[in-house]
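Undergrad: Okay, so here is entry_3.cif, and as you'll see once you scroll down, it has mmCIF, N, CA and C atoms.
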data_entry
loop_
_atom_site.label_atom_id
_atom_site.label_comp_id
_atom_site.auth_asym_id
_atom_site.auth_seq_id
_atom_site.Cartn_x
_atom_site.Cartn_y
_atom_site.Cartn_z
N MET A 1 -29.58 -12.85 -0.18
CA MET A 1 -28.78 -13.09 0.99
C MET A 1 -29.67 -13.77 2.04
N THR A 2 -29.23 -14.88 2.51
CA THR A 2 -30.00 -15.58 3.53
C THR A 2 -29.41 -15.29 4.89
N GLY A 3 -30.27 -15.20 5.86
CA GLY A 3 -29.79 -14.90 7.20
C GLY A 3 -29.33 -16.16 7.90
N LEU A 4 -28.19 -16.04 8.51
CA LEU A 4 -27.67 -17.13 9.33
C LEU A 4 -27.85 -16.75 10.79
N PRO A 5 -28.17 -17.69 11.62
CA PRO A 5 -28.33 -17.37 13.04
C PRO A 5 -26.99 -16.88 13.61
N ILE A 6 -27.10 -15.87 14.43
CA ILE A 6 -25.91 -15.35 15.10
C ILE A 6 -25.77 -16.11 16.41
N PRO A 7 -24.59 -16.69 16.63
CA PRO A 7 -24.43 -17.44 17.89
C PRO A 7 -24.57 -16.51 19.08
N ASN A 8 -25.03 -17.08 20.17
CA ASN A 8 -25.17 -16.29 21.40
C ASN A 8 -23.81 -15.82 21.87
N PRO A 9 -23.72 -14.57 22.28
CA PRO A 9 -22.44 -14.09 22.77
C PRO A 9 -22.13 -14.72 24.12
N PRO A 10 -20.84 -14.85 24.44
CA PRO A 10 -20.50 -15.38 25.77
C PRO A 10 -21.08 -14.49 26.85
N ALA A 11 -21.38 -15.08 28.00
CA ALA A 11 -22.00 -14.34 29.10
C ALA A 11 -21.18 -13.14 29.54
N ASP A 12 -19.83 -13.25 29.52
CA ASP A 12 -19.02 -12.12 29.97
C ASP A 12 -19.16 -10.93 29.03
N ARG A 13 -19.43 -11.16 27.75
CA ARG A 13 -19.64 -10.06 26.81
C ARG A 13 -20.97 -9.37 27.07
N ILE A 14 -21.96 -10.10 27.51
CA ILE A 14 -23.24 -9.49 27.84
C ILE A 14 -23.06 -8.56 29.03
N VAL A 15 -22.37 -9.01 30.04
CA VAL A 15 -22.14 -8.18 31.22
C VAL A 15 -21.37 -6.92 30.84
N GLN A 16 -20.35 -7.06 30.01
CA GLN A 16 -19.60 -5.89 29.58
C GLN A 16 -20.51 -4.91 28.85
N GLY A 17 -21.39 -5.43 28.02
CA GLY A 17 -22.31 -4.57 27.30
C GLY A 17 -23.24 -3.82 28.23
N MET A 18 -23.69 -4.48 29.29
CA MET A 18 -24.57 -3.81 30.24
C MET A 18 -23.80 -2.77 31.05
N ASP A 19 -22.55 -3.06 31.37
CA ASP A 19 -21.74 -2.13 32.15
C ASP A 19 -21.27 -0.96 31.30
N ARG A 20 -21.38 -1.07 30.03
CA ARG A 20 -20.84 -0.08 29.11
C ARG A 20 -21.40 1.31 29.37
N HIS A 21 -22.60 1.41 29.86
CA HIS A 21 -23.25 2.70 30.00
C HIS A 21 -23.16 3.27 31.41
N SER A 22 -22.05 3.06 32.06
CA SER A 22 -21.91 3.64 33.39
C SER A 22 -21.07 4.90 33.30
N LEU A 23 -21.29 5.78 34.23
CA LEU A 23 -20.57 7.04 34.29
C LEU A 23 -20.24 7.27 35.76
N ALA A 24 -18.99 7.59 36.04
CA ALA A 24 -18.57 7.81 37.41
C ALA A 24 -18.20 9.28 37.59
N PHE A 25 -18.44 9.80 38.79
CA PHE A 25 -18.19 11.20 39.08
C PHE A 25 -17.36 11.34 40.35
N ARG A 26 -16.55 12.36 40.39
CA ARG A 26 -15.83 12.74 41.61
C ARG A 26 -15.89 14.26 41.70
N ALA A 27 -16.57 14.75 42.71
CA ALA A 27 -16.78 16.20 42.85
C ALA A 27 -15.85 16.75 43.92
N ASN A 28 -15.49 18.02 43.73
CA ASN A 28 -14.64 18.72 44.68
C ASN A 28 -15.02 20.20 44.65
N ARG A 29 -14.82 20.85 45.78
CA ARG A 29 -15.10 22.29 45.81
C ARG A 29 -14.04 22.99 46.64
N GLU A 30 -13.50 24.05 46.10
CA GLU A 30 -12.54 24.89 46.80
C GLU A 30 -12.93 26.33 46.56
N ALA A 31 -13.20 27.04 47.65
CA ALA A 31 -13.62 28.44 47.59
C ALA A 31 -14.83 28.56 46.68
N ASP A 32 -14.73 29.38 45.62
CA ASP A 32 -15.90 29.57 44.75
C ASP A 32 -15.78 28.81 43.43
N GLU A 33 -14.95 27.75 43.42
CA GLU A 33 -14.80 26.92 42.22
C GLU A 33 -15.10 25.47 42.57
N ALA A 34 -15.91 24.84 41.73
CA ALA A 34 -16.22 23.42 41.89
C ALA A 34 -15.65 22.66 40.70
N SER A 35 -15.27 21.43 40.95
CA SER A 35 -14.79 20.59 39.86
C SER A 35 -15.53 19.26 39.90
N LEU A 36 -15.71 18.71 38.73
CA LEU A 36 -16.38 17.42 38.60
C LEU A 36 -15.58 16.59 37.61
N ALA A 37 -14.92 15.54 38.11
CA ALA A 37 -14.20 14.61 37.25
C ALA A 37 -15.20 13.56 36.77
N VAL A 38 -15.19 13.31 35.48
CA VAL A 38 -16.16 12.41 34.85
C VAL A 38 -15.39 11.27 34.19
N ALA A 39 -15.85 10.05 34.39
CA ALA A 39 -15.22 8.88 33.77
C ALA A 39 -16.29 7.98 33.17
N GLY A 40 -16.04 7.54 31.95
CA GLY A 40 -16.97 6.63 31.28
C GLY A 40 -17.49 7.21 29.98
N GLU A 41 -18.67 6.79 29.60
CA GLU A 41 -19.29 7.20 28.34
C GLU A 41 -20.44 8.16 28.61
N ILE A 42 -20.41 9.28 27.88
CA ILE A 42 -21.52 10.23 27.96
C ILE A 42 -22.38 10.00 26.74
N ASP A 43 -23.53 9.41 26.96
CA ASP A 43 -24.41 9.04 25.85
C ASP A 43 -25.87 9.16 26.28
N MET A 44 -26.75 8.57 25.50
CA MET A 44 -28.18 8.71 25.79
C MET A 44 -28.57 8.12 27.13
N PHE A 45 -27.77 7.21 27.65
CA PHE A 45 -28.08 6.59 28.93
C PHE A 45 -27.52 7.36 30.12
N THR A 46 -26.50 8.20 29.91
CA THR A 46 -25.81 8.83 31.02
C THR A 46 -25.81 10.35 30.98
N ALA A 47 -26.22 10.95 29.88
CA ALA A 47 -26.14 12.41 29.73
C ALA A 47 -26.94 13.13 30.81
N GLU A 48 -28.10 12.63 31.14
CA GLU A 48 -28.93 13.30 32.15
C GLU A 48 -28.27 13.26 33.53
N SER A 49 -27.61 12.17 33.87
CA SER A 49 -26.95 12.10 35.17
C SER A 49 -25.77 13.07 35.22
N LEU A 50 -25.07 13.27 34.11
CA LEU A 50 -24.01 14.27 34.07
C LEU A 50 -24.59 15.66 34.32
N TYR A 51 -25.68 15.96 33.63
CA TYR A 51 -26.32 17.26 33.80
C TYR A 51 -26.74 17.48 35.26
N GLN A 52 -27.35 16.48 35.86
CA GLN A 52 -27.83 16.62 37.24
C GLN A 52 -26.67 16.79 38.23
N GLN A 53 -25.60 16.04 38.04
CA GLN A 53 -24.43 16.18 38.91
C GLN A 53 -23.83 17.58 38.79
N ALA A 54 -23.70 18.07 37.57
CA ALA A 54 -23.14 19.41 37.36
C ALA A 54 -24.07 20.48 37.92
N ARG A 55 -25.35 20.30 37.72
CA ARG A 55 -26.33 21.28 38.22
C ARG A 55 -26.26 21.39 39.74
N ARG A 56 -26.12 20.27 40.43
CA ARG A 56 -26.00 20.30 41.89
C ARG A 56 -24.81 21.15 42.33
N LEU A 57 -23.70 21.03 41.60
CA LEU A 57 -22.52 21.83 41.96
C LEU A 57 -22.74 23.31 41.65
N VAL A 58 -23.34 23.61 40.52
CA VAL A 58 -23.64 25.01 40.19
C VAL A 58 -24.56 25.61 41.24
N ASP A 59 -25.48 24.83 41.73
CA ASP A 59 -26.44 25.32 42.73
C ASP A 59 -25.79 25.65 44.07
N THR A 60 -24.52 25.31 44.25
CA THR A 60 -23.83 25.66 45.50
C THR A 60 -23.20 27.05 45.43
N SER A 61 -23.62 27.84 44.45
CA SER A 61 -23.18 29.23 44.28
C SER A 61 -21.69 29.38 43.99
N VAL A 62 -21.20 28.59 43.06
CA VAL A 62 -19.81 28.74 42.62
C VAL A 62 -19.75 29.67 41.42
N SER A 63 -18.60 30.29 41.20
CA SER A 63 -18.46 31.18 40.05
C SER A 63 -17.86 30.45 38.85
N ARG A 64 -17.30 29.25 39.10
CA ARG A 64 -16.74 28.47 37.99
C ARG A 64 -16.94 26.99 38.28
N LEU A 65 -17.34 26.26 37.22
CA LEU A 65 -17.43 24.81 37.28
C LEU A 65 -16.43 24.25 36.28
N VAL A 66 -15.54 23.41 36.77
CA VAL A 66 -14.54 22.76 35.92
C VAL A 66 -14.95 21.31 35.74
N LEU A 67 -15.20 20.91 34.50
CA LEU A 67 -15.49 19.52 34.19
C LEU A 67 -14.22 18.88 33.66
N ASP A 68 -13.69 17.93 34.40
CA ASP A 68 -12.51 17.18 33.98
C ASP A 68 -12.99 15.97 33.19
N LEU A 69 -12.80 16.02 31.87
CA LEU A 69 -13.31 14.96 31.00
C LEU A 69 -12.20 14.02 30.55
N GLY A 70 -11.10 14.00 31.27
CA GLY A 70 -9.95 13.18 30.89
C GLY A 70 -10.20 11.69 30.84
N GLU A 71 -11.19 11.22 31.55
CA GLU A 71 -11.51 9.79 31.56
C GLU A 71 -12.78 9.46 30.79
N VAL A 72 -13.25 10.42 29.99
CA VAL A 72 -14.43 10.16 29.15
C VAL A 72 -13.98 9.41 27.91
N THR A 73 -14.55 8.24 27.71
CA THR A 73 -14.14 7.38 26.61
C THR A 73 -15.04 7.51 25.38
N PHE A 74 -16.19 8.16 25.54
CA PHE A 74 -17.13 8.30 24.43
C PHE A 74 -18.07 9.44 24.75
N CYS A 75 -18.45 10.19 23.73
CA CYS A 75 -19.43 11.26 23.90
C CYS A 75 -20.24 11.37 22.61
N ASP A 76 -21.55 11.17 22.71
CA ASP A 76 -22.41 11.29 21.53
C ASP A 76 -23.12 12.64 21.54
N SER A 77 -24.06 12.82 20.63
CA SER A 77 -24.74 14.11 20.51
C SER A 77 -25.53 14.47 21.77
N LEU A 78 -26.06 13.49 22.47
CA LEU A 78 -26.77 13.80 23.71
C LEU A 78 -25.79 14.21 24.81
N GLY A 79 -24.58 13.69 24.75
CA GLY A 79 -23.53 14.13 25.66
C GLY A 79 -23.17 15.58 25.41
N VAL A 80 -23.03 15.93 24.14
CA VAL A 80 -22.75 17.33 23.79
C VAL A 80 -23.91 18.22 24.22
N ALA A 81 -25.13 17.75 24.01
CA ALA A 81 -26.30 18.52 24.43
C ALA A 81 -26.29 18.74 25.94
N ALA A 82 -25.86 17.73 26.70
CA ALA A 82 -25.77 17.89 28.16
C ALA A 82 -24.75 18.96 28.52
N LEU A 83 -23.63 19.01 27.81
CA LEU A 83 -22.63 20.06 28.06
C LEU A 83 -23.20 21.44 27.77
N VAL A 84 -23.98 21.55 26.70
CA VAL A 84 -24.61 22.84 26.37
C VAL A 84 -25.62 23.22 27.46
N ARG A 85 -26.39 22.26 27.92
CA ARG A 85 -27.35 22.54 29.00
C ARG A 85 -26.64 23.00 30.27
N ILE A 86 -25.53 22.36 30.59
CA ILE A 86 -24.75 22.76 31.76
C ILE A 86 -24.23 24.18 31.58
N TYR A 87 -23.72 24.47 30.39
CA TYR A 87 -23.22 25.81 30.09
C TYR A 87 -24.32 26.85 30.27
N LYS A 88 -25.48 26.60 29.70
CA LYS A 88 -26.60 27.55 29.79
C LYS A 88 -27.10 27.71 31.22
N TYR A 89 -27.19 26.61 31.95
CA TYR A 89 -27.64 26.67 33.34
C TYR A 89 -26.67 27.51 34.16
N GLY A 90 -25.38 27.26 33.98
CA GLY A 90 -24.38 28.02 34.71
C GLY A 90 -24.38 29.49 34.33
N ALA A 91 -24.49 29.78 33.04
CA ALA A 91 -24.47 31.17 32.58
C ALA A 91 -25.63 31.97 33.17
N ALA A 92 -26.75 31.31 33.38
CA ALA A 92 -27.93 31.98 33.94
C ALA A 92 -27.70 32.45 35.37
N VAL A 93 -26.72 31.82 36.06
CA VAL A 93 -26.44 32.21 37.45
C VAL A 93 -24.98 32.69 37.60
N ASP A 94 -24.40 33.18 36.49
CA ASP A 94 -23.04 33.72 36.47
C ASP A 94 -21.98 32.72 36.91
N CYS A 95 -22.11 31.49 36.46
CA CYS A 95 -21.11 30.46 36.72
C CYS A 95 -20.48 30.07 35.39
N ARG A 96 -19.18 30.27 35.28
CA ARG A 96 -18.47 29.93 34.03
C ARG A 96 -18.15 28.43 34.00
N LEU A 97 -18.19 27.87 32.81
CA LEU A 97 -17.89 26.45 32.61
C LEU A 97 -16.55 26.32 31.91
N ARG A 98 -15.72 25.44 32.45
CA ARG A 98 -14.42 25.14 31.82
C ARG A 98 -14.30 23.64 31.67
N LEU A 99 -13.95 23.17 30.48
CA LEU A 99 -13.76 21.75 30.21
C LEU A 99 -12.27 21.48 30.15
N THR A 100 -11.79 20.53 30.94
CA THR A 100 -10.36 20.26 30.97
C THR A 100 -10.05 18.81 30.62
N ASN A 101 -8.79 18.59 30.25
CA ASN A 101 -8.25 17.26 29.95
C ASN A 101 -9.03 16.53 28.87
N LEU A 102 -9.48 17.26 27.87
CA LEU A 102 -10.26 16.65 26.80
C LEU A 102 -9.38 15.72 25.97
N ARG A 103 -9.87 14.52 25.77
CA ARG A 103 -9.23 13.60 24.85
C ARG A 103 -9.55 14.04 23.42
N GLN A 104 -8.77 13.54 22.49
CA GLN A 104 -8.89 13.98 21.09
C GLN A 104 -10.29 13.81 20.54
N HIS A 105 -10.95 12.68 20.80
CA HIS A 105 -12.27 12.45 20.21
C HIS A 105 -13.31 13.44 20.73
N VAL A 106 -13.23 13.81 22.00
CA VAL A 106 -14.18 14.78 22.54
C VAL A 106 -13.84 16.18 22.01
N ALA A 107 -12.56 16.51 21.98
CA ALA A 107 -12.14 17.81 21.44
C ALA A 107 -12.58 17.96 19.99
N HIS A 108 -12.50 16.89 19.22
CA HIS A 108 -12.89 16.93 17.81
C HIS A 108 -14.39 17.21 17.66
N ILE A 109 -15.20 16.57 18.49
CA ILE A 109 -16.65 16.82 18.45
C ILE A 109 -16.95 18.29 18.73
N LEU A 110 -16.29 18.84 19.74
CA LEU A 110 -16.52 20.25 20.08
C LEU A 110 -16.02 21.16 18.97
N GLN A 111 -14.92 20.79 18.33
CA GLN A 111 -14.37 21.61 17.25
C GLN A 111 -15.30 21.64 16.04
N ILE A 112 -15.77 20.47 15.60
CA ILE A 112 -16.61 20.47 14.40
C ILE A 112 -17.98 21.09 14.65
N SER A 113 -18.41 21.12 15.91
CA SER A 113 -19.69 21.75 16.23
C SER A 113 -19.54 23.24 16.53
N GLY A 114 -18.29 23.71 16.65
CA GLY A 114 -18.05 25.12 16.96
C GLY A 114 -18.12 25.43 18.44
N LEU A 115 -18.39 24.43 19.25
CA LEU A 115 -18.53 24.66 20.68
C LEU A 115 -17.20 24.92 21.38
N ASP A 116 -16.10 24.60 20.71
CA ASP A 116 -14.80 24.93 21.29
C ASP A 116 -14.60 26.45 21.36
N GLN A 117 -15.42 27.20 20.62
CA GLN A 117 -15.39 28.66 20.67
C GLN A 117 -16.32 29.22 21.74
N VAL A 118 -17.18 28.36 22.27
CA VAL A 118 -18.14 28.78 23.28
C VAL A 118 -17.61 28.45 24.68
N PHE A 119 -17.17 27.19 24.84
CA PHE A 119 -16.64 26.74 26.12
C PHE A 119 -15.20 27.15 26.30
N GLU A 120 -14.78 27.30 27.55
CA GLU A 120 -13.35 27.35 27.85
C GLU A 120 -12.88 25.91 27.77
N VAL A 121 -11.88 25.64 26.92
CA VAL A 121 -11.45 24.28 26.67
C VAL A 121 -9.95 24.15 26.91
N GLU A 122 -9.59 23.08 27.60
CA GLU A 122 -8.18 22.76 27.84
C GLU A 122 -7.97 21.31 27.43
N LEU A 123 -7.11 21.07 26.45
CA LEU A 123 -6.86 19.72 25.97
C LEU A 123 -6.00 18.95 26.96
N ALA A 124 -6.05 17.63 26.85
CA ALA A 124 -5.24 16.76 27.73
C ALA A 124 -3.77 16.90 27.40
#
Can the structure in the file be given as structure tokens, please?
TA:
Amino acid sequence: MTGLPIPNPPADRIVQGMDRHSLAFRANREADEASLAVAGEIDMFTAESLYQQARRLVDTSVSRLVLDLGEVTFCDSLGVAALVRIYKYGAAVDCRLRLTNLRQHVAHILQISGLDQVFEVELA
């Protein structure tokens, strides 16, 4: 098999590829419950920022953290690891973690890993 040169991708595809790894957050707090809406891809480039955002909310002495994952379009193993880290961090300070609005692909990852039995989970 001989290699053929791959044509350069159009410039707009390069920009989309660079933008692909963004993650957006919207935080809210009411009484002793905090919520964090997450949008985008949770992967090796964004998992740490998710963990840090969640940790900041847990540090405000809430008893429950709700992660709204309804706008998460992708989650890899490092994303799952970030969720486990958030769970453990919260548990250490008596803060329960609840995952809401899970899309099918994220719910499936949690199911096959058994984490749907660990986290409080609410499907979309």
Undergrad: Report, in Å with one decimal, the straight-line distance from CA of Ala92 in chain A to CA of Val121 in chain A.
TA: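 These two atoms are separated by 19.6 Å.
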Undergrad: Please evaluate the PyMOL selection byres (((chain A and resi 85 and name CA) around 12) and name CA) against the structure above and give the resulting residues as a ChimeraX atom specification.
TA: /A:47-48,50-52,54-55,78-84,86-92,97,119
Undergrad: Please determine, counting all atoms listed in the file, which residue among A:Ala37, A:Val72, A:Asp32, A:Met44 has the shortest atom-to-atom distance to Thr60 in chain A.
TA: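 Comparing A:Ala37, A:Val72, A:Asp32, A:Met44 against Thr60 in chain A, the winner is A:Asp32.
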Undergrad: Determine, for each residue of range 13-85 of chain A having at least one atom at most 6.5 Å from an atom of range 103-110 of chain A, the closest pair of atoms and their separation in Å to one decimal, counting only N, CA and C atoms; order by chain and ascending number, as JSON lines.
TA:
{"residue": "A:Leu69", "atom": "C", "partner": "A:Arg103", "partner_atom": "N", "distance": 5.3}
{"residue": "A:Gly70", "atom": "CA", "partner": "A:Arg103", "partner_atom": "N", "distance": 5.3}
{"residue": "A:Cys75", "atom": "N", "partner": "A:Val106", "partner_atom": "CA", "distance": 6.4}
Undergrad: So that I can check the secondary structure, give me every residue of chain A assigned strand (DSSP E or B) by backbone DSSP, as a VMD selection string.
TA: chain A and resid 23 to 30 33 to 42 64 to 75 96 to 102 120 to 123
Undergrad: Pick the closest to Asp94 in chain A from A:Asn28, A:Ser63, A:Ser22, A:Gln53: which is it, counting all atoms listed in the file?
TA: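 For Asp94 in chain A, the nearest of the given residues is A:Ser63.
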Undergrad: Would you write out, as a JSON list (two decimals) with N, CA and C atoms, keeping the file's coordinate frame, every residue that the PyMOL selection byres ((chain A and resi 73) around 6) captures in this file?
TA:
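Output saved as expr36.json:
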[["chain", "number", "residue", "atom", "x", "y", "z"],
["A", 39, "ALA", "N", -15.85, 10.05, 34.39],
["A", 39, "ALA", "CA", -15.22, 8.88, 33.77],
["A", 39, "ALA", "C", -16.29, 7.98, 33.17],
["A", 40, "GLY", "N", -16.04, 7.54, 31.95],
["A", 40, "GLY", "CA", -16.97, 6.63, 31.28],
["A", 40, "GLY", "C", -17.49, 7.21, 29.98],
["A", 41, "GLU", "N", -18.67, 6.79, 29.60],
["A", 41, "GLU", "CA", -19.29, 7.20, 28.34],
["A", 41, "GLU", "C", -20.44, 8.16, 28.61],
["A", 42, "ILE", "N", -20.41, 9.28, 27.88],
["A", 42, "ILE", "CA", -21.52, 10.23, 27.96],
["A", 42, "ILE", "C", -22.38, 10.00, 26.74],
["A", 71, "GLU", "N", -11.19, 11.22, 31.55],
["A", 71, "GLU", "CA", -11.51, 9.79, 31.56],
["A", 71, "GLU", "C", -12.78, 9.46, 30.79],
["A", 72, "VAL", "N", -13.25, 10.42, 29.99],
["A", 72, "VAL", "CA", -14.43, 10.16, 29.15],
["A", 72, "VAL", "C", -13.98, 9.41, 27.91],
["A", 74, "PHE", "N", -16.19, 8.16, 25.54],
["A", 74, "PHE", "CA", -17.13, 8.30, 24.43],
["A", 74, "PHE", "C", -18.07, 9.44, 24.75],
["A", 75, "CYS", "N", -18.45, 10.19, 23.73],
["A", 75, "CYS", "CA", -19.43, 11.26, 23.90],
["A", 75, "CYS", "C", -20.24, 11.37, 22.61]]
Undergrad: Any chance you could work out the residue set of the PyMOL selection byres ((chain A and resi 34) around 7) here, as a PyMOL selection string?
TA: chain A and resi 27-33+35-36+57+62-67
Undergrad: Please, what distance in Å, to one decimal, runs between CA of Leu102 in chain A and CA of Arg56 in chain A?
TA: 22.1 Å
Undergrad: For atom N of Val58 in chain A and CA of Ala124 in chain A, determine how far apart the two atoms are, in Å to one decimal place.
TA: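 Separation of atom N of Val58 in chain A and CA of Ala124 in chain A: 23.2 Å.
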Undergrad: Which one is closest to Arg98 in chain A: A:Ala24, A:Ser61, A:Phe45, A:Asp116? Count only C-alpha atoms.
TA: A:Asp116
Undergrad: As a ChimeraX atom specification, please: all residues of chain A that backbone DSSP puts in helix (DSSP H, G or I).
TA: /A:11-19,47-58,77-92,104-113,115-117
